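K.L.:
Sharing entry.cif below, mmCIF, C-alpha atoms and all ligand atoms:
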```cif
data_target
loop_
_atom_site.label_atom_id
_atom_site.label_comp_id
_atom_site.auth_asym_id
_atom_site.auth_seq_id
_atom_site.Cartn_x
_atom_site.Cartn_y
_atom_site.Cartn_z
CA MET G 1012 8.15 102.37 -87.47
CA LYS G 1013 9.82 99.33 -88.99
CA LEU G 1014 8.87 97.60 -92.23
CA CYS G 1015 9.37 93.81 -92.15
CA LYS G 1016 9.01 91.75 -95.30
CA LYS G 1017 10.26 88.46 -93.85
CA ILE G 1018 8.45 86.41 -91.23
CA VAL G 1019 11.64 85.72 -89.27
CA GLU G 1020 12.46 89.44 -89.16
CA LEU G 1021 9.10 90.28 -87.58
CA GLN G 1022 9.24 87.31 -85.24
CA ASN G 1023 12.67 88.32 -83.94
CA GLU G 1024 11.38 91.82 -83.22
CA LEU G 1025 8.25 90.52 -81.48
CA PHE G 1026 10.30 88.04 -79.43
CA GLU G 1027 12.07 91.02 -77.83
CA VAL G 1028 8.78 92.86 -77.35
CA ARG G 1029 7.22 89.86 -75.59
CA LYS G 1030 10.32 89.46 -73.37
CA GLN G 1031 9.64 92.97 -72.06
CA GLY G 1032 6.08 91.90 -71.15
CA LYS G 1033 4.52 94.25 -73.70
CA SER G 1034 1.13 93.59 -75.30
CA ILE G 1035 0.85 93.19 -79.07
CA GLY G 1036 -2.09 94.30 -81.20
CA LEU G 1037 -2.50 93.24 -84.83
CA VAL G 1038 -4.42 95.02 -87.58
CA PRO G 1039 -4.66 92.75 -90.65
CA THR G 1040 -5.20 94.66 -93.93
CA MET G 1041 -4.84 94.15 -97.66
CA GLY G 1042 -3.39 97.65 -98.09
CA ALA G 1043 -4.81 100.63 -100.04
CA LEU G 1044 -5.43 102.10 -96.62
CA HIS G 1045 -8.18 104.63 -95.94
CA GLU G 1046 -9.69 106.34 -92.87
CA GLY G 1047 -11.56 103.14 -92.00
CA HIS G 1048 -8.30 101.18 -91.65
CA LEU G 1049 -6.65 104.05 -89.79
CA SER G 1050 -9.45 104.06 -87.22
CA LEU G 1051 -8.60 100.39 -86.47
CA VAL G 1052 -4.91 101.25 -86.21
CA LYS G 1053 -5.61 104.17 -83.84
CA ARG G 1054 -7.74 101.98 -81.59
CA CYS G 1055 -5.08 99.25 -81.62
CA ILE G 1056 -2.39 101.78 -80.64
CA ALA G 1057 -4.60 103.09 -77.80
CA GLU G 1058 -5.20 99.58 -76.41
CA ASN G 1059 -1.80 97.87 -76.87
CA ASP G 1060 1.89 98.57 -76.21
CA ILE G 1061 2.93 97.57 -79.72
CA THR G 1062 0.90 97.73 -82.95
CA VAL G 1063 1.63 95.54 -85.96
CA VAL G 1064 -0.20 96.27 -89.21
CA SER G 1065 -0.06 93.61 -91.91
CA VAL G 1066 -0.35 94.72 -95.52
CA PHE G 1067 -0.87 91.65 -97.67
CA LEU G 1068 -3.11 91.26 -100.69
CA ASN G 1069 -4.13 87.68 -100.04
CA PRO G 1070 -4.71 85.80 -103.31
CA THR G 1071 -6.41 82.80 -101.69
CA GLN G 1072 -9.50 84.80 -100.69
CA PHE G 1073 -10.27 86.05 -104.21
CA ASN G 1074 -12.57 83.79 -106.18
CA ASP G 1075 -12.53 86.34 -109.03
CA LYS G 1076 -9.09 86.83 -110.64
CA LYS G 1077 -10.08 90.19 -112.16
CA ASP G 1078 -11.11 91.49 -108.73
CA LEU G 1079 -7.62 90.55 -107.43
CA GLU G 1080 -5.83 92.11 -110.42
CA ARG G 1081 -7.58 95.46 -110.11
CA TYR G 1082 -7.40 95.65 -106.29
CA PRO G 1083 -5.53 98.92 -105.53
CA GLN G 1084 -2.02 98.60 -104.04
CA ASN G 1085 0.46 101.22 -102.83
CA LEU G 1086 2.79 100.08 -100.04
CA ASP G 1087 4.74 103.38 -99.93
CA ALA G 1088 1.59 105.45 -99.41
CA ASP G 1089 0.33 102.93 -96.83
CA CYS G 1090 3.62 103.12 -94.88
CA LYS G 1091 3.50 106.92 -94.86
CA LEU G 1092 -0.03 106.88 -93.40
CA LEU G 1093 0.91 104.24 -90.81
CA GLU G 1094 4.01 106.14 -89.75
CA ILE G 1095 1.94 109.29 -89.16
CA CYS G 1096 -0.59 107.21 -87.21
CA GLY G 1097 2.13 105.82 -84.95
CA ALA G 1098 2.13 102.10 -85.86
CA ASP G 1099 5.25 100.23 -84.68
CA TYR G 1100 5.61 97.54 -87.36
CA VAL G 1101 4.34 97.04 -90.88
CA PHE G 1102 4.44 93.42 -92.00
CA ALA G 1103 4.32 93.28 -95.81
CA PRO G 1104 5.38 89.83 -97.00
CA ALA G 1105 5.50 88.62 -100.61
CA VAL G 1106 3.05 85.86 -101.62
CA ASP G 1107 5.70 83.11 -101.52
CA GLU G 1108 6.80 84.25 -98.06
CA MET G 1109 3.25 83.79 -96.73
CA TYR G 1110 2.62 80.64 -98.77
CA PRO G 1111 5.94 78.81 -99.33
CA VAL G 1112 3.79 75.80 -100.24
CA PRO G 1113 0.09 75.93 -101.22
CA ASP G 1114 -2.19 76.12 -98.21
CA THR G 1115 -4.42 73.04 -98.39
CA ARG G 1116 -6.17 73.59 -95.07
CA HIS G 1117 -9.91 73.86 -95.34
CA PHE G 1118 -11.98 76.04 -93.01
CA GLU G 1119 -15.74 75.94 -92.89
CA PHE G 1120 -18.04 77.08 -90.12
CA PRO G 1121 -21.54 76.34 -91.28
CA PRO G 1122 -24.08 77.80 -91.25
CA ILE G 1123 -22.19 81.12 -90.94
CA THR G 1124 -19.84 80.49 -93.87
CA THR G 1125 -22.48 79.09 -96.22
CA VAL G 1126 -24.70 82.18 -96.53
CA MET G 1127 -24.33 85.64 -98.10
CA GLU G 1128 -20.62 86.27 -98.93
CA GLY G 1129 -19.96 82.57 -98.37
CA ALA G 1130 -22.59 81.58 -100.93
CA HIS G 1131 -21.71 84.27 -103.48
CA ARG G 1132 -17.91 84.07 -103.23
CA PRO G 1133 -17.06 80.36 -103.04
CA GLY G 1134 -13.76 79.80 -101.21
CA HIS G 1135 -13.58 83.40 -99.98
CA PHE G 1136 -13.88 82.70 -96.26
CA ASN G 1137 -11.60 79.69 -96.55
CA GLY G 1138 -8.91 82.04 -97.95
CA VAL G 1139 -9.59 84.63 -95.25
CA CYS G 1140 -9.20 81.96 -92.55
CA GLN G 1141 -6.00 80.64 -94.15
CA VAL G 1142 -4.31 84.03 -94.14
CA VAL G 1143 -5.67 85.28 -90.82
CA SER G 1144 -4.65 82.07 -89.02
CA ARG G 1145 -1.14 82.42 -90.51
CA LEU G 1146 -0.96 86.05 -89.40
CA PHE G 1147 -2.07 84.96 -85.92
CA TYR G 1148 0.60 82.22 -85.74
CA ILE G 1149 3.30 84.59 -87.00
CA THR G 1150 2.52 87.57 -84.73
CA ARG G 1151 0.84 85.81 -81.76
CA PRO G 1152 -1.08 88.98 -80.88
CA ASP G 1153 -3.04 89.61 -77.69
CA ALA G 1154 -5.74 91.35 -79.71
CA ALA G 1155 -6.65 91.69 -83.39
CA TYR G 1156 -8.75 94.47 -84.92
CA PHE G 1157 -11.31 94.07 -87.70
CA GLY G 1158 -13.79 96.50 -89.25
CA GLU G 1159 -17.50 96.04 -88.75
CA LYS G 1160 -17.98 96.78 -92.46
CA ASP G 1161 -17.06 93.16 -93.17
CA TRP G 1162 -19.66 92.11 -90.68
CA GLN G 1163 -19.87 88.45 -91.71
CA GLN G 1164 -16.06 88.20 -91.81
CA VAL G 1165 -15.88 89.23 -88.14
CA ALA G 1166 -18.34 86.45 -87.23
CA VAL G 1167 -16.22 83.94 -89.20
CA ILE G 1168 -12.99 85.07 -87.54
CA LYS G 1169 -14.55 84.68 -84.09
CA GLN G 1170 -15.39 81.07 -85.03
CA LEU G 1171 -11.85 80.56 -86.35
CA VAL G 1172 -10.30 81.70 -83.08
CA LYS G 1173 -12.63 79.41 -81.11
CA SER G 1174 -11.95 76.41 -83.34
CA LEU G 1175 -8.15 76.85 -83.13
CA ASP G 1176 -8.41 77.59 -79.40
CA LEU G 1177 -6.37 80.79 -79.79
CA LYS G 1178 -6.29 83.23 -76.90
CA ILE G 1179 -6.69 86.32 -79.06
CA ARG G 1180 -9.22 89.04 -78.33
CA ILE G 1181 -11.12 89.90 -81.52
CA VAL G 1182 -12.04 93.58 -81.50
CA GLU G 1183 -14.82 94.67 -83.82
CA CYS G 1184 -14.46 98.35 -84.76
CA ASP G 1185 -17.17 100.73 -86.00
CA LEU G 1186 -17.77 101.05 -89.70
CA ILE G 1187 -16.47 104.39 -90.98
CA ARG G 1188 -18.47 106.16 -93.68
CA GLU G 1189 -17.60 108.86 -96.19
CA LYS G 1190 -19.52 112.14 -95.71
CA SER G 1191 -22.04 110.93 -98.28
CA GLY G 1192 -22.79 107.84 -96.18
CA LEU G 1193 -20.94 105.43 -98.49
CA ALA G 1194 -19.14 102.77 -96.41
CA MET G 1195 -15.37 103.31 -96.68
CA SER G 1196 -13.67 100.60 -98.72
CA SER G 1197 -10.42 100.27 -100.67
CA ARG G 1198 -12.59 99.42 -103.67
CA ASN G 1199 -14.20 102.91 -103.57
CA ALA G 1200 -10.98 104.20 -105.18
CA LEU G 1201 -11.96 102.25 -108.30
CA LEU G 1202 -15.24 104.17 -108.70
CA THR G 1203 -15.54 107.26 -110.92
CA ALA G 1204 -16.73 110.46 -109.19
CA ASP G 1205 -20.24 109.93 -110.66
CA GLU G 1206 -20.35 106.30 -109.56
CA ARG G 1207 -19.25 107.30 -106.09
CA ASN G 1208 -22.14 109.77 -105.91
CA VAL G 1209 -24.66 107.18 -107.03
CA ALA G 1210 -23.19 104.57 -104.64
CA SER G 1211 -24.04 106.83 -101.69
CA ASN G 1212 -27.71 105.96 -102.31
CA ILE G 1213 -27.08 102.43 -101.02
CA TYR G 1214 -26.76 103.56 -97.42
CA ARG G 1215 -29.44 106.24 -97.78
CA ILE G 1216 -31.92 103.60 -98.91
CA LEU G 1217 -30.83 101.15 -96.20
CA GLU G 1218 -31.20 103.83 -93.52
CA GLU G 1219 -34.63 104.88 -94.77
CA SER G 1220 -35.71 101.24 -94.85
CA VAL G 1221 -35.53 101.12 -91.04
CA THR G 1222 -38.60 103.42 -90.87
CA TYR G 1223 -40.24 101.52 -93.73
CA ALA G 1224 -39.66 98.24 -91.87
CA SER G 1225 -41.59 99.45 -88.84
CA LYS G 1226 -44.81 99.34 -90.91
CA HIS G 1227 -44.04 96.55 -93.38
CA SER G 1228 -43.20 92.86 -93.40
CA VAL G 1229 -39.73 91.40 -93.87
CA GLN G 1230 -40.61 90.42 -97.45
CA GLU G 1231 -41.99 93.89 -98.29
CA THR G 1232 -38.91 95.58 -96.80
CA HIS G 1233 -36.66 93.27 -98.79
CA GLU G 1234 -38.47 94.06 -102.03
CA HIS G 1235 -38.53 97.79 -101.27
CA VAL G 1236 -34.76 98.02 -100.72
CA VAL G 1237 -33.88 95.96 -103.79
CA ASN G 1238 -36.27 97.92 -106.06
CA GLU G 1239 -35.14 101.32 -104.77
CA ILE G 1240 -31.47 100.50 -105.34
CA ASN G 1241 -31.97 98.82 -108.70
CA ALA G 1242 -33.91 101.90 -109.85
CA TYR G 1243 -30.45 103.50 -110.38
CA SER G 1244 -29.11 102.21 -113.70
CA GLU G 1245 -25.53 102.16 -112.29
CA LEU G 1246 -26.51 99.93 -109.34
CA ASN G 1247 -27.37 96.25 -109.36
CA VAL G 1248 -28.12 94.36 -106.15
CA GLU G 1249 -26.36 90.99 -106.01
CA TYR G 1250 -28.15 90.00 -102.81
CA PHE G 1251 -29.92 91.57 -99.88
CA SER G 1252 -30.48 89.35 -96.85
CA ILE G 1253 -32.47 90.25 -93.75
CA VAL G 1254 -30.96 88.03 -91.09
CA ASN G 1255 -30.85 87.07 -87.44
CA SER G 1256 -27.74 88.99 -86.29
CA GLU G 1257 -26.59 86.07 -84.13
CA THR G 1258 -26.94 83.17 -86.59
CA LEU G 1259 -26.73 85.18 -89.86
CA GLN G 1260 -29.65 83.11 -91.20
CA GLU G 1261 -32.50 84.77 -93.09
CA ILE G 1262 -35.69 85.46 -91.17
CA ASN G 1263 -39.33 85.60 -92.30
CA GLU G 1264 -40.86 87.59 -89.43
CA TRP G 1265 -39.47 90.56 -87.51
CA ASP G 1266 -40.30 88.98 -84.14
CA GLU G 1267 -38.48 85.71 -84.93
CA CYS G 1268 -35.39 86.91 -83.03
CA SER G 1269 -34.22 89.84 -80.94
CA ALA G 1270 -31.44 91.20 -83.20
CA VAL G 1271 -31.97 91.71 -86.93
CA SER G 1272 -29.64 93.08 -89.62
CA GLY G 1273 -29.83 93.67 -93.35
CA CYS G 1274 -26.74 92.76 -95.40
CA ILE G 1275 -26.33 93.90 -98.97
CA THR G 1276 -23.94 93.55 -101.88
CA VAL G 1277 -24.32 95.86 -104.85
CA PHE G 1278 -22.45 96.00 -108.15
CA CYS G 1279 -21.73 99.61 -109.08
CA GLY G 1280 -20.79 101.10 -112.45
CA LYS G 1281 -19.48 99.72 -115.72
CA THR G 1282 -16.47 97.72 -114.41
CA PRO G 1283 -18.48 96.82 -112.12
CA ILE G 1284 -17.20 97.30 -108.55
CA ARG G 1285 -18.65 95.12 -105.79
CA LEU G 1286 -19.69 97.10 -102.69
CA ILE G 1287 -20.99 95.71 -99.41
CA ASP G 1288 -22.89 97.36 -96.58
CA HIS G 1289 -25.30 96.54 -93.79
CA ILE G 1290 -27.92 98.06 -91.52
CA THR G 1291 -29.30 97.20 -88.10
CA TYR G 1292 -33.09 96.77 -87.90
CA LYS G 1293 -33.21 95.51 -84.30
CA LYS G 1294 -30.31 95.54 -81.79
O1 LIG V 1301 -10.74 92.49 -94.42
C1 LIG V 1301 -9.69 92.38 -95.10
O2 LIG V 1301 -9.09 93.35 -95.56
C2 LIG V 1301 -9.13 90.99 -95.35
O3 LIG V 1301 -10.15 90.07 -95.56
C3 LIG V 1301 -8.16 90.50 -94.25
C4 LIG V 1301 -8.87 90.33 -92.93
C5 LIG V 1301 -7.02 91.50 -94.09
C6 LIG V 1301 -7.55 89.16 -94.65
O4 LIG V 1301 -6.85 89.23 -95.85
#
```
I need this file expressed as structure tokens, please.

P.N.:
Amino acid sequence: MKLCKKIVELQNELFEVRKQGKSIGLVPTMGALHEGHLSLVKRCIAENDITVVSVFLNPTQFNDKKDLERYPQNLDADCKLLEICGADYVFAPAVDEMYPVPDTRHFEFPPITTVMEGAHRPGHFNGVCQVVSRLFYITRPDAAYFGEKDWQQVAVIKQLVKSLDLKIRIVECDLIREKSGLAMSSRNALLTADERNVASNIYRILEESVTYASKHSVQETHEHVVNEINAYSELNVEYFSIVNSETLQEINEWDECSAVSGCITVFCGKTPIRLIDHITYKK
């Protein structure tokens, strides 16, 4: 495995790879890797000749400076995990390597970018699109792998690829959960052991709400989930949206569309740490 910190270094390597007719898979990450990331890397390795993993904590997608400052980082530990996994290249540029001048491009794909994370984290998806488009231009992958945990992000990236007319296959990989049911996230490392225990109730309540939903309205299910989660003093729901899985817009009736999902963001603990999760009500 080779660690590249400069764009030109990685591009020279990938030029040779492409000359040999080999396929390239990219796994974009912000580091602090966990089993969820490694499952993307393993799938990428299985489906491509060469796997590039980017480790870059992208400042332009953080609307909250404190969230950026406390985001866990450990490149050495990440590289060790990636080497064991069998990745070929780690691309870990510095901020001024990725952004030699400020990125003034503006990406918006309404109505997908205006709801949920888009509404609660202004500028977040614009920053994600800035960095992901740069990573795509730098690596020119055949396929790129993203976790289903960031469900709305995957929808935004699919729009990005369409709008830039890039021939990159976007592969959505299953969400990986801890044994307790808590969705794996780099931010989980910031939770205390007690907070982590309490946070596992988020998915339990979401899962149980599928049965509840079969006998109750959309509004009642919404209220039920929010009340059950907020009943824990350490948890505070920022938003819970029951949406059409295709358009990501909120629905009022279960039979309004064929696929329905529930997307939630919960603040957990004293700091507090922002956790996201989702559930499928109708496929
Ligand atoms: O999902 C993430 O970790 C980030 O949003 C991504 C896609 C690596 C872009 O910084």

K.L.:
For ligand LIG 1301 (chain V), which residue out of G:Asp1266, G:Asp1161, G:Glu1234, G:Glu1239 is the nearest one, using only C-alpha atoms and all ligand atoms?

P.N.:
G:Asp1161

K.L.:
Could you jot down the atom CA of G:Thr1071 to atom CA of G:Ile1181 separation for me, Å, one decimal place?

P.N.:
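Between these atoms lies a distance of 21.9 Å.
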
K.L.:
Given a cut-off of 10 Å, what residues near ligand LIG 1301 (chain V) show up using only C-alpha atoms and all ligand atoms, put as an MDAnalysis selection string?

P.N.:
chainID G and resid 1038:1044 1048 1064:1073 1135:1136 1138:1144 1146 1155:1162 1164:1165 1168 1196:1197

K.L.:
Extract, using all atoms listed in the file, all DNA, RNA and protein residues at most 12 Å from G:Asp1107, discarding same-chain residues fewer than 3 positions from it, and format them as a PDB file with C-alpha atoms, in the frame of the given file.

P.N.:
```pdb
ATOM      1  CA  LYS G1016       9.010  91.750 -95.300  1.00  0.00           C
ATOM      2  CA  LYS G1017      10.260  88.460 -93.850  1.00  0.00           C
ATOM      3  CA  ILE G1018       8.450  86.410 -91.230  1.00  0.00           C
ATOM      4  CA  PHE G1067      -0.870  91.650 -97.670  1.00  0.00           C
ATOM      5  CA  ASN G1069      -4.130  87.680-100.040  1.00  0.00           C
ATOM      6  CA  PRO G1070      -4.710  85.800-103.310  1.00  0.00           C
ATOM      7  CA  ALA G1103       4.320  93.280 -95.810  1.00  0.00           C
ATOM      8  CA  PRO G1104       5.380  89.830 -97.000  1.00  0.00           C
ATOM      9  CA  TYR G1110       2.620  80.640 -98.770  1.00  0.00           C
ATOM     10  CA  PRO G1111       5.940  78.810 -99.330  1.00  0.00           C
ATOM     11  CA  VAL G1112       3.790  75.800-100.240  1.00  0.00           C
ATOM     12  CA  PRO G1113       0.090  75.930-101.220  1.00  0.00           C
ATOM     13  CA  ASP G1114      -2.190  76.120 -98.210  1.00  0.00           C
TER      14      ASP G1114
END
```

K.L.:
Can you tell me how far atom CA of G:Asn1263 sits from atom CA of G:Gln1170, in Å to one decimal?

P.N.:
25.4 Å

K.L.:
Select, from G:Val1229, G:His1117, G:Leu1186, G:Arg1145, the residue with the minimum atom-to-atom distance to G:Glu1261, counting all atoms listed in the file.

P.N.:
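Looking only at the distances to G:Glu1261, the closest residue turns out to be G:Val1229.
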
K.L.:
Point out the residue among G:Val1172, G:Val1101, G:Cys1274, G:Cys1268 with the least atom-to-atom distance to G:Lys1293, counting only C-alpha atoms.

P.N.:
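Closest candidate: G:Cys1268.
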
K.L.:
Report, in Å with one decimal, the straight-line distance from atom CA of G:His1235 to atom CA of G:Met1127.

P.N.:
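We find that atom CA of G:His1235 and atom CA of G:Met1127 lie 19.0 Å from each other.
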